[in-house]
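Source file: data.tsv. Holds: TSV, C-alpha atoms.
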chain	number	residue	atom	x	y	z
S	1	MET	CA	183.58	88.00	-253.66
S	2	ARG	CA	184.57	90.47	-250.95
S	3	PHE	CA	187.60	90.23	-248.65
S	4	ALA	CA	185.27	90.32	-245.62
S	5	GLU	CA	183.73	87.05	-246.86
S	6	GLY	CA	187.04	85.19	-246.36
S	7	PRO	CA	187.76	84.09	-249.94
S	8	THR	CA	189.28	80.62	-250.21
S	9	MET	CA	191.11	78.51	-252.74
S	10	GLU	CA	191.59	74.75	-252.74
S	11	VAL	CA	193.49	72.34	-254.97
S	12	GLU	CA	193.79	68.58	-254.71
S	13	VAL	CA	195.82	65.75	-256.18
S	14	HIS	CA	196.09	61.98	-255.76
S	15	VAL	CA	199.54	60.85	-254.66
S	16	ALA	CA	200.65	57.23	-255.17
S	17	ALA	CA	202.34	57.14	-251.76
S	18	SER	CA	201.20	56.56	-248.18
S	19	PRO	CA	200.03	59.46	-245.99
S	20	GLU	CA	203.20	58.96	-243.92
S	21	GLN	CA	205.40	59.39	-247.01
S	22	VAL	CA	203.44	62.45	-248.13
S	23	TRP	CA	203.59	63.90	-244.60
S	24	THR	CA	207.38	63.89	-244.66
S	25	VAL	CA	207.30	66.17	-247.70
S	26	VAL	CA	204.31	68.33	-246.62
S	27	SER	CA	205.64	69.08	-243.14
S	28	ASP	CA	208.96	70.36	-244.53
S	29	ILE	CA	208.40	74.13	-244.75
S	30	GLY	CA	211.06	74.33	-247.45
S	31	THR	CA	209.02	72.21	-249.85
S	32	PRO	CA	206.68	74.95	-251.16
S	33	VAL	CA	209.72	77.16	-251.85
S	34	ARG	CA	210.78	74.62	-254.47
S	35	PHE	CA	207.58	75.02	-256.47
S	36	SER	CA	206.04	78.43	-255.76
S	37	SER	CA	206.85	81.44	-257.91
S	38	GLU	CA	206.11	83.69	-254.92
S	39	LEU	CA	207.48	82.02	-251.78
S	40	GLN	CA	211.25	82.41	-251.91
S	41	GLU	CA	212.33	81.13	-248.49
S	42	ALA	CA	210.88	79.61	-245.32
S	43	VAL	CA	212.95	79.34	-242.13
S	44	TRP	CA	211.97	78.05	-238.69
S	45	LEU	CA	212.22	80.63	-235.90
S	46	ASP	CA	212.85	80.34	-232.16
S	47	ASP	CA	215.01	77.22	-232.61
S	48	ALA	CA	211.91	75.26	-233.65
S	49	PRO	CA	212.99	71.71	-234.54
S	50	GLY	CA	210.26	71.41	-237.17
S	51	ALA	CA	206.50	71.19	-237.58
S	52	ALA	CA	204.69	71.36	-234.23
S	53	PRO	CA	201.74	73.33	-232.88
S	54	GLY	CA	202.88	76.84	-231.98
S	55	ALA	CA	206.14	76.65	-233.97
S	56	ARG	CA	206.85	79.78	-235.96
S	57	PHE	CA	208.58	80.38	-239.27
S	58	ARG	CA	209.52	83.34	-241.42
S	59	GLY	CA	208.56	83.40	-245.07
S	60	ARG	CA	210.21	85.62	-247.65
S	61	ASN	CA	208.01	86.38	-250.64
S	62	LEU	CA	208.40	88.07	-254.00
S	63	HIS	CA	205.68	89.34	-256.33
S	64	PRO	CA	206.23	91.40	-259.50
S	65	ALA	CA	203.60	93.98	-258.51
S	66	ARG	CA	204.48	94.25	-254.81
S	67	GLY	CA	208.17	93.50	-254.58
S	68	GLU	CA	209.66	91.54	-251.69
S	69	TRP	CA	208.24	91.15	-248.17
S	70	GLU	CA	208.48	88.86	-245.16
S	71	THR	CA	205.83	87.29	-242.99
S	72	THR	CA	205.87	85.38	-239.73
S	73	SER	CA	203.59	82.35	-239.55
S	74	THR	CA	202.52	80.15	-236.66
S	75	VAL	CA	201.65	76.46	-236.97
S	76	VAL	CA	198.02	76.17	-235.82
S	77	ALA	CA	197.42	72.48	-236.61
S	78	CYS	CA	199.90	69.64	-236.87
S	79	GLU	CA	198.59	66.09	-236.96
S	80	PRO	CA	201.22	63.83	-238.57
S	81	GLY	CA	199.84	62.06	-241.62
S	82	ARG	CA	196.69	64.21	-241.58
S	83	VAL	CA	196.91	68.02	-241.26
S	84	PHE	CA	199.56	70.74	-241.36
S	85	ALA	CA	198.24	74.31	-241.09
S	86	TRP	CA	199.58	77.75	-240.31
S	87	ALA	CA	198.33	81.28	-239.77
S	88	VAL	CA	200.19	84.18	-241.37
S	89	GLY	CA	200.70	87.07	-238.96
S	90	ASP	CA	198.54	87.20	-235.85
S	91	PRO	CA	197.24	83.65	-235.22
S	92	ASP	CA	194.02	85.12	-233.75
S	93	ARG	CA	193.42	87.38	-236.76
S	94	PRO	CA	195.70	86.14	-239.55
S	95	SER	CA	196.19	87.81	-242.90
S	96	ALA	CA	195.82	84.30	-244.37
S	97	LEU	CA	195.34	80.71	-243.27
S	98	TRP	CA	197.04	77.86	-245.14
S	99	ARG	CA	196.43	74.13	-244.73
S	100	PHE	CA	197.52	70.81	-246.18
S	101	GLU	CA	195.16	67.88	-245.59
S	102	LEU	CA	196.11	64.26	-246.23
S	103	GLU	CA	193.60	61.45	-246.48
S	104	ALA	CA	194.29	57.80	-247.17
S	105	ALA	CA	192.78	56.84	-250.52
S	106	PRO	CA	192.90	53.71	-252.68
S	107	GLY	CA	196.44	53.44	-254.03
S	108	GLY	CA	197.83	56.28	-251.93
S	109	THR	CA	196.81	59.63	-250.49
S	110	ARG	CA	194.45	62.41	-251.42
S	111	LEU	CA	196.44	65.62	-250.83
S	112	ARG	CA	194.53	68.86	-250.55
S	113	GLN	CA	195.94	72.35	-250.10
S	114	TRP	CA	193.52	75.00	-248.89
S	115	ALA	CA	193.99	78.71	-248.17
S	116	GLN	CA	191.83	81.57	-246.95
S	117	MET	CA	192.37	85.31	-247.18
S	118	GLY	CA	191.95	87.19	-243.92
S	119	PRO	CA	190.31	87.97	-241.71
S	120	GLY	CA	193.27	90.21	-240.77
S	121	PRO	CA	194.74	92.82	-243.11
S	122	SER	CA	197.24	91.90	-245.81
S	123	GLY	CA	198.82	93.24	-248.96
S	124	VAL	CA	195.52	92.56	-250.71
S	125	THR	CA	193.61	94.77	-248.27
S	126	MET	CA	196.07	97.61	-248.90
S	127	ILE	CA	195.38	97.38	-252.64
S	128	ILE	CA	191.61	97.20	-252.07
S	129	GLU	CA	191.75	100.32	-249.89
S	130	LYS	CA	193.35	102.19	-252.80
S	131	MET	CA	190.83	100.87	-255.35
S	132	PRO	CA	187.67	99.81	-253.49
S	133	ASP	CA	185.61	99.77	-256.69
S	134	LYS	CA	187.87	96.97	-258.01
S	135	GLU	CA	187.71	94.74	-254.91
S	136	GLU	CA	186.11	91.76	-256.64
S	137	ALA	CA	188.58	91.84	-259.54
S	138	ILE	CA	191.51	92.16	-257.12
S	139	ILE	CA	190.31	89.15	-255.12
S	140	GLU	CA	189.67	87.11	-258.27
S	141	ARG	CA	193.14	87.84	-259.62
S	142	ARG	CA	194.83	87.02	-256.31
S	143	LEU	CA	192.92	83.76	-255.99
S	144	GLY	CA	194.05	82.87	-259.52
S	145	GLU	CA	197.67	83.46	-258.49
S	146	TRP	CA	197.13	81.32	-255.42
S	147	ARG	CA	195.58	78.54	-257.54
S	148	GLN	CA	198.58	78.51	-259.88
S	149	ASN	CA	201.14	78.31	-257.06
S	150	MET	CA	199.10	75.84	-255.04
S	151	ALA	CA	198.65	73.54	-258.05
S	152	ALA	CA	202.40	73.66	-258.73
S	153	THR	CA	203.09	72.92	-255.05
S	154	VAL	CA	200.80	69.89	-254.74
S	155	GLU	CA	202.11	68.50	-258.04
S	156	GLY	CA	205.65	69.02	-256.76
S	157	ILE	CA	204.82	67.28	-253.49
S	158	LYS	CA	203.27	64.43	-255.48
S	159	GLY	CA	206.48	64.03	-257.48
S	160	LEU	CA	208.70	64.09	-254.41
S	161	ALA	CA	206.56	61.69	-252.39
S	162	GLU	CA	206.18	59.23	-255.26
S	163	ALA	CA	209.93	59.29	-255.88
S	164	GLY	CA	210.50	58.06	-252.32
S	165	PRO	CA	212.88	59.04	-249.54
S	166	ALA	CA	215.80	60.12	-251.77
S	167	ARG	CA	214.30	63.52	-252.57
Output the file's structure as structure tokens, nothing else.
Amino acid sequence: MRFAEGPTMEVEVHVAASPEQVWTVVSDIGTPVRFSSELQEAVWLDDAPGAAPGARFRGRNLHPARGEWETTSTVVACEPGRVFAWAVGDPDRPSALWRFELEAAPGGTRLRQWAQMGPGPSGVTMIIEKMPDKEEAIIERRLGEWRQNMAATVEGIKGLAEAGPAR
């Protein structure tokens, strides 16, 4: 897999709660911070009251190999009870796209988290430029890190949503 191909990762879990209950947890940008080993903080910018198309937030990240960095993301899709998505960096050419999808399912909600690298440059592209012969291994490793954090996040969301409003 090459960066130019837009590598993606997706994880999914069944949540024994309604899409509306899951939405409350998913649309809180602080939720992934609770479960990700990389995302350390997420804060709304521009006095944004919360999840809405065009709202922006700053993410502070930490990775053992890269250190600490910040990103600015823009909400690109926000359909309560259905979709919450954001672009990292330039919304027209993001370094990554992230999306939560909720779908009513028997006994609750199917929650899916999806992410795509690129098409804009990112920390991964900087590493690839230094070691172009290792591009596929770099992508594979990064996708594995994404899978681990995404799985922890959807399982955490599941736990919070199933526990009810007193999170």
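Of note, atom CA of S:Glu38 and atom CA of S:His63 are spaced 5.8 Å apart.
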(request) Would you please work out which residue, of S:Gly108, S:Gly54, S:Pro19, S:Pro49, is nearest to S:Pro80 when using all atoms listed in the file? (result) S:Pro19
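Separating atom CA of S:Cys78 from atom CA of S:Glu20 is a distance of 13.2 Å.
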(request) Would you mind listing what lies within 10 Å of S:Ala137 as number ranges by chain, with all atoms listed in the file counted and same-chain residues fewer than 3 positions away left out? (result) S: 1-2, 128, 133-134, 140-143
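Considering the residues S:Trp23, S:Phe84, S:Phe3, S:Trp44 and counting only C-alpha atoms, S:Pro165 has its shortest atom-to-atom contact with S:Trp23.
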(message) Which residue is closest to S:Val13? Choose from S:Ser122, S:Ser37, S:Gln116, S:Thr109 and count all atoms listed in the file.
(response) S:Thr109
